[in-house]
>>> print(open('coords10.cif').read())   # mmCIF, C-alpha atoms
data_protein
#
loop_
_atom_site.label_atom_id
_atom_site.label_comp_id
_atom_site.auth_asym_id
_atom_site.auth_seq_id
_atom_site.Cartn_x
_atom_site.Cartn_y
_atom_site.Cartn_z
CA MET G 192 -13.01 158.90 -153.38
CA LYS G 193 -13.95 161.49 -150.76
CA ILE G 194 -17.21 160.79 -148.97
CA THR G 195 -18.71 164.10 -150.19
CA GLU G 196 -17.96 163.06 -153.79
CA GLN G 197 -19.60 159.69 -153.18
CA ILE G 198 -22.72 161.47 -151.86
CA LYS G 199 -22.75 163.80 -154.88
CA GLN G 200 -22.31 161.04 -157.47
CA PRO G 201 -26.00 160.16 -158.07
CA ILE G 202 -26.83 163.86 -158.56
CA ALA G 203 -23.63 165.01 -160.35
CA TYR G 204 -25.52 166.12 -163.47
CA GLU G 205 -28.16 168.03 -161.47
CA MET G 206 -25.50 169.76 -159.34
CA GLU G 207 -23.63 170.92 -162.44
CA LEU G 208 -26.79 172.32 -164.02
CA PHE G 209 -27.80 173.83 -160.68
CA GLU G 210 -24.55 175.83 -160.51
CA GLN G 211 -25.32 177.46 -163.86
CA LYS G 212 -28.92 178.22 -162.87
CA PHE G 213 -27.82 179.51 -159.46
CA LEU G 214 -25.37 181.99 -161.00
CA LEU G 215 -28.12 183.22 -163.35
CA SER G 216 -30.52 183.63 -160.41
CA MET G 217 -28.06 186.06 -158.81
CA SER G 218 -27.43 188.25 -161.87
CA SER G 219 -28.03 191.99 -161.81
CA LYS G 220 -27.57 195.06 -164.02
CA VAL G 221 -25.26 196.56 -161.40
CA ALA G 222 -21.60 195.72 -162.13
CA LEU G 223 -20.54 195.92 -158.45
CA LEU G 224 -23.26 193.44 -157.49
CA ASN G 225 -22.16 190.99 -160.19
CA ARG G 226 -18.54 191.28 -159.08
CA ILE G 227 -19.48 190.43 -155.51
CA THR G 228 -21.87 187.59 -156.40
CA HIS G 229 -19.16 186.05 -158.62
CA TYR G 230 -16.79 186.25 -155.65
CA ILE G 231 -19.39 184.42 -153.51
CA VAL G 232 -20.06 181.68 -156.11
CA ASN G 233 -16.36 181.00 -156.66
CA ARG G 234 -15.85 180.41 -152.94
CA LYS G 235 -18.72 178.02 -152.37
CA GLY G 236 -18.59 175.44 -149.58
CA LYS G 237 -19.56 171.76 -149.75
CA GLN G 238 -23.05 172.69 -151.06
CA MET G 239 -24.74 170.27 -148.68
CA ARG G 240 -28.03 172.15 -148.83
CA PRO G 241 -28.72 171.81 -152.57
CA MET G 242 -27.45 168.22 -152.34
CA PHE G 243 -30.19 167.48 -149.79
CA VAL G 244 -32.80 169.06 -152.10
CA PHE G 245 -31.84 166.93 -155.14
CA LEU G 246 -31.25 163.66 -153.25
CA VAL G 247 -34.59 163.88 -151.43
CA ALA G 248 -36.49 164.79 -154.63
CA LYS G 249 -34.97 161.85 -156.50
CA MET G 250 -35.53 159.41 -153.63
CA VAL G 251 -39.23 160.23 -153.19
CA ASP G 252 -40.02 160.38 -156.92
CA ASN G 253 -38.13 157.46 -158.50
CA GLY G 254 -35.10 159.42 -159.63
CA GLN G 255 -37.07 162.38 -161.06
CA VAL G 256 -36.46 166.08 -160.56
CA SER G 257 -38.35 169.06 -162.00
CA GLU G 258 -37.65 172.72 -162.73
CA ARG G 259 -39.21 173.37 -159.32
CA THR G 260 -36.44 171.28 -157.75
CA TYR G 261 -33.78 173.54 -159.31
CA ARG G 262 -35.68 176.63 -158.15
CA GLY G 263 -36.04 175.17 -154.64
CA ALA G 264 -32.29 174.48 -154.47
CA SER G 265 -31.51 178.00 -155.75
CA VAL G 266 -33.89 179.65 -153.27
CA ILE G 267 -32.39 177.81 -150.31
CA GLU G 268 -28.84 178.63 -151.42
CA LEU G 269 -29.67 182.32 -152.04
CA ILE G 270 -31.26 182.70 -148.63
CA HIS G 271 -28.58 180.67 -146.85
CA THR G 272 -25.87 182.83 -148.50
CA ALA G 273 -27.75 185.99 -147.46
CA THR G 274 -27.78 184.83 -143.82
CA LEU G 275 -24.03 184.03 -143.93
CA VAL G 276 -23.21 187.50 -145.33
CA HIS G 277 -25.33 189.12 -142.60
CA ASP G 278 -23.81 186.83 -139.92
CA ASP G 279 -20.31 187.99 -140.83
CA VAL G 280 -21.40 191.60 -140.32
CA VAL G 281 -23.07 190.79 -136.98
CA ASP G 282 -20.04 188.80 -135.76
CA ASP G 283 -17.57 191.32 -137.20
CA SER G 284 -15.88 188.37 -138.90
CA ASN G 285 -13.20 188.93 -141.55
CA ARG G 286 -12.98 185.35 -142.81
CA ARG G 287 -15.43 182.89 -144.31
CA ARG G 288 -14.32 179.39 -145.44
CA GLY G 289 -10.70 180.53 -145.36
CA PHE G 290 -11.33 183.55 -147.63
CA PHE G 291 -12.00 187.18 -146.83
CA SER G 292 -15.66 187.81 -145.98
CA ILE G 293 -17.75 190.30 -147.98
CA ASN G 294 -17.68 192.86 -145.15
CA ALA G 295 -13.87 192.57 -144.92
CA LEU G 296 -13.45 193.37 -148.62
CA TRP G 297 -16.36 195.76 -149.27
CA LYS G 298 -17.30 197.04 -145.77
CA ASN G 299 -20.45 196.50 -143.71
CA LYS G 300 -22.88 198.73 -145.63
CA ILE G 301 -22.31 196.89 -148.91
CA ALA G 302 -22.38 193.48 -147.14
CA VAL G 303 -25.78 194.24 -145.56
CA LEU G 304 -27.16 195.41 -148.93
CA ILE G 305 -25.80 192.28 -150.66
CA GLY G 306 -27.52 190.11 -148.03
CA ASP G 307 -30.80 192.00 -148.60
CA TYR G 308 -30.40 191.64 -152.37
CA LEU G 309 -29.85 187.86 -152.17
CA LEU G 310 -32.83 187.50 -149.84
CA SER G 311 -35.12 189.42 -152.22
CA LYS G 312 -33.80 187.41 -155.21
CA GLY G 313 -34.71 184.20 -153.41
CA LEU G 314 -38.21 185.41 -152.57
CA LEU G 315 -38.85 186.70 -156.11
CA LEU G 316 -37.62 183.46 -157.70
CA SER G 317 -40.47 181.68 -155.88
CA ILE G 318 -43.09 184.39 -156.41
CA ASP G 319 -42.37 184.82 -160.15
CA ASN G 320 -42.94 181.08 -160.65
CA ASN G 321 -45.95 180.77 -158.31
CA ASP G 322 -44.02 178.39 -156.05
CA PHE G 323 -45.92 179.64 -153.01
CA ASP G 324 -45.65 176.30 -151.17
CA LEU G 325 -41.85 176.44 -151.51
CA LEU G 326 -41.83 180.09 -150.46
CA LYS G 327 -43.76 179.24 -147.29
CA ILE G 328 -41.25 176.50 -146.36
CA ILE G 329 -38.27 178.84 -146.74
CA SER G 330 -39.98 181.83 -145.06
CA VAL G 331 -40.77 179.75 -141.97
CA ALA G 332 -37.10 178.68 -141.88
CA VAL G 333 -35.85 182.31 -142.02
CA ARG G 334 -38.23 183.32 -139.20
CA GLU G 335 -37.12 180.40 -137.04
CA MET G 336 -33.41 181.02 -137.68
CA SER G 337 -33.78 184.64 -136.53
CA GLU G 338 -35.75 183.58 -133.43
CA GLY G 339 -33.17 180.91 -132.59
CA GLU G 340 -30.26 183.35 -132.80
CA LEU G 341 -32.07 185.89 -130.61
CA LEU G 342 -33.09 183.22 -128.08
CA GLN G 343 -29.45 182.11 -127.84
CA ILE G 344 -28.27 185.71 -127.25
CA GLU G 345 -30.94 186.25 -124.58
CA LYS G 346 -30.08 183.01 -122.77
CA ALA G 347 -26.30 183.51 -123.02
CA ARG G 348 -26.69 186.70 -120.98
CA GLN G 349 -28.42 184.79 -118.19
CA LEU G 350 -26.53 181.47 -118.51
CA ASP G 351 -29.71 179.63 -117.53
CA ILE G 352 -30.16 177.30 -120.49
CA THR G 353 -31.87 173.98 -119.79
CA GLU G 354 -31.47 171.05 -122.15
CA VAL G 355 -35.00 171.65 -123.47
CA VAL G 356 -34.23 175.31 -124.29
CA TYR G 357 -30.92 174.26 -125.88
CA TYR G 358 -32.79 171.88 -128.23
CA ASP G 359 -35.20 174.71 -129.08
CA ILE G 360 -32.27 176.98 -129.95
CA ILE G 361 -30.45 174.48 -132.18
CA ARG G 362 -33.68 173.31 -133.83
CA GLN G 363 -34.41 176.89 -134.87
CA LYS G 364 -30.88 178.12 -135.46
CA THR G 365 -29.40 175.17 -137.38
CA ALA G 366 -31.84 172.31 -137.93
CA THR G 367 -34.63 174.38 -139.46
CA LEU G 368 -32.61 175.18 -142.61
CA ILE G 369 -31.69 171.52 -143.26
CA ALA G 370 -35.34 170.60 -142.56
CA ALA G 371 -36.36 173.20 -145.17
CA CYS G 372 -33.94 171.70 -147.75
CA CYS G 373 -35.39 168.23 -147.32
CA SER G 374 -39.05 169.30 -147.32
CA LEU G 375 -38.36 171.55 -150.36
CA GLY G 376 -36.90 168.56 -152.20
CA ALA G 377 -40.03 166.49 -151.53
CA ALA G 378 -42.45 169.40 -152.20
CA SER G 379 -40.77 170.19 -155.53
CA VAL G 380 -41.78 166.82 -156.99
CA LYS G 381 -44.66 165.70 -154.74
CA PRO G 382 -46.46 168.81 -153.43
CA ASN G 383 -48.87 168.29 -150.50
CA SER G 384 -47.76 164.67 -150.00
CA LYS G 385 -46.90 163.12 -146.63
CA ASP G 386 -43.30 162.92 -147.91
CA VAL G 387 -43.02 166.69 -147.39
CA ASP G 388 -43.59 166.29 -143.61
CA THR G 389 -41.54 163.10 -143.30
CA MET G 390 -38.59 164.71 -145.05
CA ARG G 391 -38.90 167.89 -142.98
CA LYS G 392 -38.58 165.76 -139.83
CA PHE G 393 -35.68 163.85 -141.39
CA GLY G 394 -33.82 167.11 -142.10
CA GLU G 395 -34.54 168.46 -138.63
CA LEU G 396 -33.04 165.37 -136.97
CA ILE G 397 -29.90 165.62 -139.12
CA GLY G 398 -29.63 169.31 -138.24
CA MET G 399 -29.82 168.54 -134.52
CA ALA G 400 -27.06 165.92 -134.84
CA PHE G 401 -25.01 168.34 -136.98
CA GLN G 402 -25.10 171.08 -134.33
CA ILE G 403 -24.20 168.74 -131.46
CA LYS G 404 -21.22 167.55 -133.54
CA ASP G 405 -20.20 171.21 -133.89
CA ASP G 406 -20.48 171.64 -130.11
CA LEU G 407 -18.18 168.66 -129.61
CA PHE G 408 -15.48 170.22 -131.81
CA ASP G 409 -15.04 172.89 -129.14
CA TYR G 410 -13.67 170.19 -126.85
CA GLY G 411 -11.50 168.45 -129.45
CA ASP G 412 -7.75 168.68 -129.90
CA ASP G 413 -7.78 168.41 -133.69
CA ALA G 414 -6.99 171.23 -136.06
CA ILE G 415 -10.56 171.77 -137.14
CA GLY G 416 -10.36 175.34 -138.27
CA LYS G 417 -11.91 176.55 -135.00
CA PRO G 418 -9.82 176.94 -131.83
CA THR G 419 -10.99 174.84 -128.91
CA GLY G 420 -12.77 176.68 -126.14
CA ILE G 421 -14.16 179.33 -128.47
CA ASP G 422 -17.77 178.61 -127.45
CA ILE G 423 -16.81 179.07 -123.79
CA LYS G 424 -15.01 182.34 -124.60
CA GLU G 425 -18.18 183.53 -126.37
CA GLN G 426 -20.36 182.32 -123.46
CA LYS G 427 -22.24 179.92 -125.74
CA MET G 428 -24.00 177.22 -123.76
CA THR G 429 -23.50 173.92 -125.55
CA LEU G 430 -24.82 170.44 -124.71
CA PRO G 431 -21.70 169.00 -122.97
CA LEU G 432 -21.57 172.05 -120.68
CA ILE G 433 -25.34 172.15 -120.04
CA HIS G 434 -25.36 168.48 -119.03
CA VAL G 435 -22.47 168.96 -116.58
CA LEU G 436 -24.03 172.13 -115.12
CA ASN G 437 -27.23 170.16 -114.46
CA THR G 438 -25.48 167.18 -112.85
CA CYS G 439 -22.59 168.64 -110.79
CA SER G 440 -22.68 169.90 -107.18
CA LYS G 441 -23.82 173.42 -106.23
CA LYS G 442 -20.25 174.49 -105.50
CA GLU G 443 -18.97 173.15 -108.85
CA LYS G 444 -21.88 174.80 -110.67
CA SER G 445 -21.10 178.23 -109.21
CA TRP G 446 -17.39 177.77 -110.14
CA LEU G 447 -18.40 176.86 -113.71
CA ILE G 448 -20.79 179.80 -114.09
CA ASN G 449 -18.25 182.21 -112.58
CA SER G 450 -15.59 180.86 -114.98
CA ILE G 451 -17.81 181.38 -118.04
CA LYS G 452 -19.12 184.78 -116.94
CA ASN G 453 -15.98 186.39 -115.56
CA HIS G 454 -12.94 184.37 -116.68
CA ASN G 455 -13.88 183.34 -120.23
CA LYS G 456 -10.86 185.19 -121.69
CA ASP G 457 -8.43 183.45 -119.32
CA LYS G 458 -6.86 180.60 -121.38
CA LYS G 459 -5.87 178.58 -118.30
CA ARG G 460 -9.37 178.82 -116.80
CA VAL G 461 -11.01 177.90 -120.14
CA LYS G 462 -8.76 174.80 -120.27
CA GLU G 463 -9.85 173.89 -116.72
CA VAL G 464 -13.52 174.20 -117.73
CA ILE G 465 -12.92 171.95 -120.77
CA ALA G 466 -11.15 169.37 -118.59
CA PHE G 467 -13.97 169.48 -116.00
CA VAL G 468 -16.65 168.95 -118.66
CA LYS G 469 -14.69 165.97 -120.06
CA GLN G 470 -14.18 164.41 -116.61
CA ASN G 471 -17.87 164.69 -115.81
CA ASN G 472 -19.10 162.80 -118.89
CA GLY G 473 -20.29 165.89 -120.76
CA LEU G 474 -18.85 164.61 -124.04
CA GLU G 475 -20.19 161.06 -123.76
CA TYR G 476 -23.64 162.41 -122.96
CA ALA G 477 -23.60 164.71 -126.02
CA VAL G 478 -22.28 161.92 -128.29
CA ASN G 479 -25.13 159.62 -127.17
CA LYS G 480 -27.73 162.31 -127.85
CA MET G 481 -26.19 163.01 -131.26
CA LYS G 482 -26.32 159.31 -132.14
CA SER G 483 -29.94 159.02 -131.08
CA PHE G 484 -30.87 161.88 -133.49
CA GLN G 485 -28.81 160.12 -136.18
CA ASN G 486 -30.61 156.79 -135.66
CA GLU G 487 -34.02 158.44 -135.67
CA ALA G 488 -33.18 160.13 -139.00
CA LEU G 489 -32.00 156.84 -140.53
CA GLN G 490 -35.21 155.08 -139.39
CA LEU G 491 -37.30 157.61 -141.36
CA LEU G 492 -35.56 156.42 -144.54
CA ASP G 493 -36.55 152.78 -143.89
CA SER G 494 -39.98 153.26 -145.46
CA TYR G 495 -38.44 154.22 -148.84
CA PRO G 496 -37.35 151.61 -151.41
CA GLU G 497 -33.63 150.99 -151.87
CA SER G 498 -32.01 153.32 -154.39
CA GLN G 499 -28.70 155.09 -154.95
CA TYR G 500 -30.36 158.30 -153.70
CA LYS G 501 -31.44 156.69 -150.44
CA SER G 502 -27.92 155.25 -150.00
CA ALA G 503 -26.41 158.69 -150.60
CA LEU G 504 -28.74 160.21 -147.97
CA GLN G 505 -27.72 157.48 -145.50
CA LEU G 506 -24.08 158.33 -146.25
CA MET G 507 -24.89 161.99 -145.68
CA VAL G 508 -26.42 161.28 -142.25
CA ASN G 509 -23.33 159.32 -141.23
CA TYR G 510 -21.00 161.98 -142.68
CA VAL G 511 -22.62 164.61 -140.42
CA ILE G 512 -21.58 162.51 -137.41
CA ASP G 513 -18.17 161.36 -138.62
CA ARG G 514 -16.87 164.59 -140.21
CA LYS G 515 -13.60 166.01 -138.89
CA LYS G 516 -14.54 169.68 -139.32
#
>>> encode(input="coords10.cif", output="structure tokens")
Amino acid sequence: MKITEQIKQPIAYEMELFEQKFLLSMSSKVALLNRITHYIVNRKGKQMRPMFVFLVAKMVDNGQVSERTYRGASVIELIHTATLVHDDVVDDSNRRRGFFSINALWKNKIAVLIGDYLLSKGLLLSIDNNDFDLLKIISVAVREMSEGELLQIEKARQLDITEVVYYDIIRQKTATLIAACCSLGAASVKPNSKDVDTMRKFGELIGMAFQIKDDLFDYGDDAIGKPTGIDIKEQKMTLPLIHVLNTCSKKEKSWLINSIKNHNKDKKRVKEVIAFVKQNNGLEYAVNKMKSFQNEALQLLDSYPESQYKSALQLMVNYVIDRKK
């Protein structure tokens, strides 16, 4: 059995019901909108975000979920999908999960409007049900994701990212959404409890580890669906590179910066940068940091009694680190 199926097993019923509710939450009177939202739903990914919502809810409340849990999972998926649709427009990307993106099939104007529609659907789902605590969690996540993306763009122009700034960027850009999933799960069954904060921290730590793992793929040789060196070509400053920039000699640093700024389209030079980062322990350093986030996340689960939901969350944390793509 695949590890993702193992993780999903304790919440299989909830996930099935969630899919029906999620499709309903997207429905519209406009035929074009329904055609596009059906296209989105039929090309869903691993659905890690709703899985976090249900597993956390069941772990903190003895295997219980509520209608609020389903709404929380739907809200997070609606808003996450909206950001992906908008991202594809911003990045001028024609593919998403191996399929054509919305902007590739229906052009940018429709893609932007679809993203706006999904975002408003998510907000209204919370407002119509007076889930204002859940709405606050997700709204903070959207604000932070936007700030993180803009901070990354600003810093990429200057190539002056310190490790502290890098953690700020990935916390906002990636970790904040997983943190929102986990705190939503807890808040849906135990509003205003300390579990909401504990689970937010848990999700944040997993998100940090998840992003560092993504950074490491750029240096791998596996067929991971993303060509190696792409972050360097896009002048993205990732942890292995930041560590090496901060520990190498002045001469090596200026060669590295010059390579990234002026030769990032030169395949040979990009390969040299990758080799230099590997030789100077950039990867080991990043792996150690990733594992320390992983261990911190696992420690937060120690205070909860043993259950199949806790075991599935532990599996999920390890899957984030061990995944091949």
>>> axis_aligned_box(input="coords10.cif", around="segment 490-500 of chain G", padding_each_side="5 Å", output="lines of an AutoDock Vina configuration file")
center_x = -34.3
center_y = 154.6
center_z = -147.2
size_x = 21.3
size_y = 17.3
size_z = 25.6
>>> residues_around(input="coords10.cif", residues="Met250 of chain G", least_positions_apart="5", cutoff="12 Å", atoms="all atoms listed in the file", output="VMD selection string")
chain G and resid 201 to 202 243 to 245 255 to 256 373 376 to 377 380 to 381 386 390 492 to 505
>>> atom_distance(input="coords10.cif", atom1="atom CA of Glu210 of chain G", atom2="atom CA of Thr260 of chain G")
13.0 Å
>>> resolve_selection(input="coords10.cif", expression="the PyMOL selection byres ((chain G and resi 485) around 12)", output="ChimeraX atom specification")
/G:392-404,478-484,486-492,504-513
>>> residues_around(input="coords10.cif", residues="Val464 of chain G", least_positions_apart="6", cutoff="9 Å", atoms="all atoms listed in the file", output="PyMOL selection string")
chain G and resi 420+423+432+447+450-451
>>> atom_distance(input="coords10.cif", atom1="atom CA of Ser445 of chain G", atom2="atom CA of Glu340 of chain G")
25.8 Å
>>> resolve_selection(input="coords10.cif", expression="the PyMOL selection byres ((chain G and resi 336) around 10)", output="PyMOL selection string")
chain G and resi 274+330-335+337-342+360-368
>>> residues_around(input="coords10.cif", residues="Arg240 of chain G", least_positions_apart="2", cutoff="10 Å", atoms="only C-alpha atoms", output="list of chain:residue names")
G:Lys237, G:Gln238, G:Met242, G:Phe243, G:Val244, G:Phe245, G:Ala264, G:Ser265, G:Ile267, G:Glu268, G:His271, G:Leu368, G:Ile369, G:Ala370, G:Ala371, G:Cys372, G:Cys373
>>> atom_distance(input="coords10.cif", atom1="atom CA of Val435 of chain G", atom2="atom CA of Asn471 of chain G")
6.3 Å
>>> closest_residue(input="coords10.cif", among="G:Val355, G:Ile198, G:Val276, G:Val221", to="Met239 of chain G", atoms="all atoms listed in the file")
G:Ile198
>>> closest_residue(input="coords10.cif", among="G:Ile227, G:Ile318, G:Ile194, G:Val356", to="Ser292 of chain G", atoms="only C-alpha atoms")
G:Ile227
>>> resolve_selection(input="coords10.cif", expression="the PyMOL selection byres ((chain G and resi 349) around 12)", output="PDB file with C-alpha atoms, in the frame of the given file")
ATOM      1  CA  LEU G 342     -33.090 183.220-128.080  1.00  0.00           C
ATOM      2  CA  GLN G 343     -29.450 182.110-127.840  1.00  0.00           C
ATOM      3  CA  ILE G 344     -28.270 185.710-127.250  1.00  0.00           C
ATOM      4  CA  GLU G 345     -30.940 186.250-124.580  1.00  0.00           C
ATOM      5  CA  LYS G 346     -30.080 183.010-122.770  1.00  0.00           C
ATOM      6  CA  ALA G 347     -26.300 183.510-123.020  1.00  0.00           C
ATOM      7  CA  ARG G 348     -26.690 186.700-120.980  1.00  0.00           C
ATOM      8  CA  LEU G 350     -26.530 181.470-118.510  1.00  0.00           C
ATOM      9  CA  ASP G 351     -29.710 179.630-117.530  1.00  0.00           C
ATOM     10  CA  ILE G 352     -30.160 177.300-120.490  1.00  0.00           C
ATOM     11  CA  THR G 353     -31.870 173.980-119.790  1.00  0.00           C
ATOM     12  CA  GLN G 426     -20.360 182.320-123.460  1.00  0.00           C
ATOM     13  CA  LYS G 427     -22.240 179.920-125.740  1.00  0.00           C
ATOM     14  CA  MET G 428     -24.000 177.220-123.760  1.00  0.00           C
ATOM     15  CA  ILE G 448     -20.790 179.800-114.090  1.00  0.00           C
ATOM     16  CA  ASN G 449     -18.250 182.210-112.580  1.00  0.00           C
ATOM     17  CA  ILE G 451     -17.810 181.380-118.040  1.00  0.00           C
ATOM     18  CA  LYS G 452     -19.120 184.780-116.940  1.00  0.00           C
TER      19      LYS G 452
END
>>> closest_residue(input="coords10.cif", among="G:Asn253, G:Thr272, G:Asn472, G:Thr195", to="Ile231 of chain G", atoms="only C-alpha atoms")
G:Thr272
>>> closest_residue(input="coords10.cif", among="G:Lys456, G:Ile305, G:Phe467, G:Lys424", to="Leu224 of chain G", atoms="only C-alpha atoms")
G:Ile305
>>> closest_residue(input="coords10.cif", among="G:Arg514, G:Lys327, G:Lys458, G:Lys444", to="Leu407 of chain G", atoms="all atoms listed in the file")
G:Arg514
>>> closest_residue(input="coords10.cif", among="G:Lys212, G:Lys220, G:Lys459, G:Lys385", to="Arg259 of chain G", atoms="only C-alpha atoms")
G:Lys212
>>> residues_near_point(input="coords10.cif", point="(-19.5, 162.6, -117.4)", cutoff="12 Å", atoms="all atoms listed in the file", output="list in words")
Leu430, Pro431, Leu432, Ile433, His434, Val435, Leu436, Asn437, Thr438, Cys439, Ile465, Ala466, Phe467, Val468, Lys469, Gln470, Asn471, Asn472, Gly473, Leu474, Glu475, Tyr476, Ala477, Val478 and Asn479 of chain G
>>> build_atoms(input="coords10.cif", residues="segment 334-342 of chain G", atoms="all heavy atoms", output="JSON list (two decimals), keeping the file's coordinate frame")
[["chain", "number", "residue", "atom", "x", "y", "z"],
["G", 334, "ARG", "N", -37.67, 182.82, -140.47],
["G", 334, "ARG", "CA", -38.23, 183.32, -139.20],
["G", 334, "ARG", "C", -37.64, 182.55, -138.01],
["G", 334, "ARG", "O", -37.21, 183.13, -137.02],
["G", 334, "ARG", "CB", -39.76, 183.18, -139.21],
["G", 334, "ARG", "CG", -40.43, 183.74, -137.96],
["G", 334, "ARG", "CD", -41.84, 183.22, -137.78],
["G", 334, "ARG", "NE", -41.86, 181.80, -137.44],
["G", 334, "ARG", "CZ", -42.90, 180.99, -137.67],
["G", 334, "ARG", "NH1", -43.98, 181.45, -138.29],
["G", 334, "ARG", "NH2", -42.87, 179.73, -137.32],
["G", 335, "GLU", "N", -37.61, 181.22, -138.15],
["G", 335, "GLU", "CA", -37.12, 180.40, -137.04],
["G", 335, "GLU", "C", -35.63, 180.62, -136.78],
["G", 335, "GLU", "O", -35.19, 180.64, -135.64],
["G", 335, "GLU", "CB", -37.40, 178.92, -137.32],
["G", 335, "GLU", "CG", -38.89, 178.61, -137.28],
["G", 335, "GLU", "CD", -39.17, 177.15, -136.95],
["G", 335, "GLU", "OE1", -38.37, 176.29, -137.34],
["G", 335, "GLU", "OE2", -40.19, 176.89, -136.30],
["G", 336, "MET", "N", -34.85, 180.79, -137.85],
["G", 336, "MET", "CA", -33.41, 181.02, -137.68],
["G", 336, "MET", "C", -33.17, 182.32, -136.90],
["G", 336, "MET", "O", -32.33, 182.37, -136.00],
["G", 336, "MET", "CB", -32.71, 181.09, -139.04],
["G", 336, "MET", "CG", -32.52, 179.72, -139.67],
["G", 336, "MET", "SD", -32.34, 179.82, -141.46],
["G", 336, "MET", "CE", -30.80, 180.67, -141.65],
["G", 337, "SER", "N", -33.93, 183.36, -137.23],
["G", 337, "SER", "CA", -33.78, 184.64, -136.53],
["G", 337, "SER", "C", -34.18, 184.48, -135.06],
["G", 337, "SER", "O", -33.48, 184.97, -134.16],
["G", 337, "SER", "CB", -34.66, 185.71, -137.17],
["G", 337, "SER", "OG", -34.48, 185.72, -138.56],
["G", 338, "GLU", "N", -35.29, 183.79, -134.81],
["G", 338, "GLU", "CA", -35.75, 183.58, -133.43],
["G", 338, "GLU", "C", -34.72, 182.78, -132.63],
["G", 338, "GLU", "O", -34.45, 183.09, -131.47],
["G", 338, "GLU", "CB", -37.10, 182.84, -133.42],
["G", 338, "GLU", "CG", -38.26, 183.74, -133.79],
["G", 338, "GLU", "CD", -39.61, 183.00, -133.80],
["G", 338, "GLU", "OE1", -39.63, 181.75, -133.65],
["G", 338, "GLU", "OE2", -40.63, 183.68, -133.98],
["G", 339, "GLY", "N", -34.16, 181.76, -133.27],
["G", 339, "GLY", "CA", -33.17, 180.91, -132.59],
["G", 339, "GLY", "C", -31.94, 181.68, -132.19],
["G", 339, "GLY", "O", -31.42, 181.54, -131.07],
["G", 340, "GLU", "N", -31.45, 182.52, -133.10],
["G", 340, "GLU", "CA", -30.26, 183.35, -132.80],
["G", 340, "GLU", "C", -30.55, 184.29, -131.63],
["G", 340, "GLU", "O", -29.73, 184.45, -130.72],
["G", 340, "GLU", "CB", -29.86, 184.19, -134.03],
["G", 340, "GLU", "CG", -29.18, 183.39, -135.13],
["G", 340, "GLU", "CD", -27.73, 183.02, -134.85],
["G", 340, "GLU", "OE1", -27.19, 183.37, -133.78],
["G", 340, "GLU", "OE2", -27.14, 182.33, -135.70],
["G", 341, "LEU", "N", -31.72, 184.93, -131.67],
["G", 341, "LEU", "CA", -32.07, 185.89, -130.61],
["G", 341, "LEU", "C", -32.29, 185.18, -129.27],
["G", 341, "LEU", "O", -31.89, 185.70, -128.22],
["G", 341, "LEU", "CB", -33.31, 186.70, -131.01],
["G", 341, "LEU", "CG", -33.03, 187.72, -132.12],
["G", 341, "LEU", "CD1", -34.31, 188.20, -132.76],
["G", 341, "LEU", "CD2", -32.23, 188.91, -131.58],
["G", 342, "LEU", "N", -32.89, 184.00, -129.31],
["G", 342, "LEU", "CA", -33.09, 183.22, -128.08],
["G", 342, "LEU", "C", -31.74, 182.84, -127.47],
["G", 342, "LEU", "O", -31.53, 182.93, -126.26],
["G", 342, "LEU", "CB", -33.91, 181.95, -128.39],
["G", 342, "LEU", "CG", -34.21, 181.00, -127.23],
["G", 342, "LEU", "CD1", -35.00, 181.69, -126.13],
["G", 342, "LEU", "CD2", -34.99, 179.77, -127.73]]
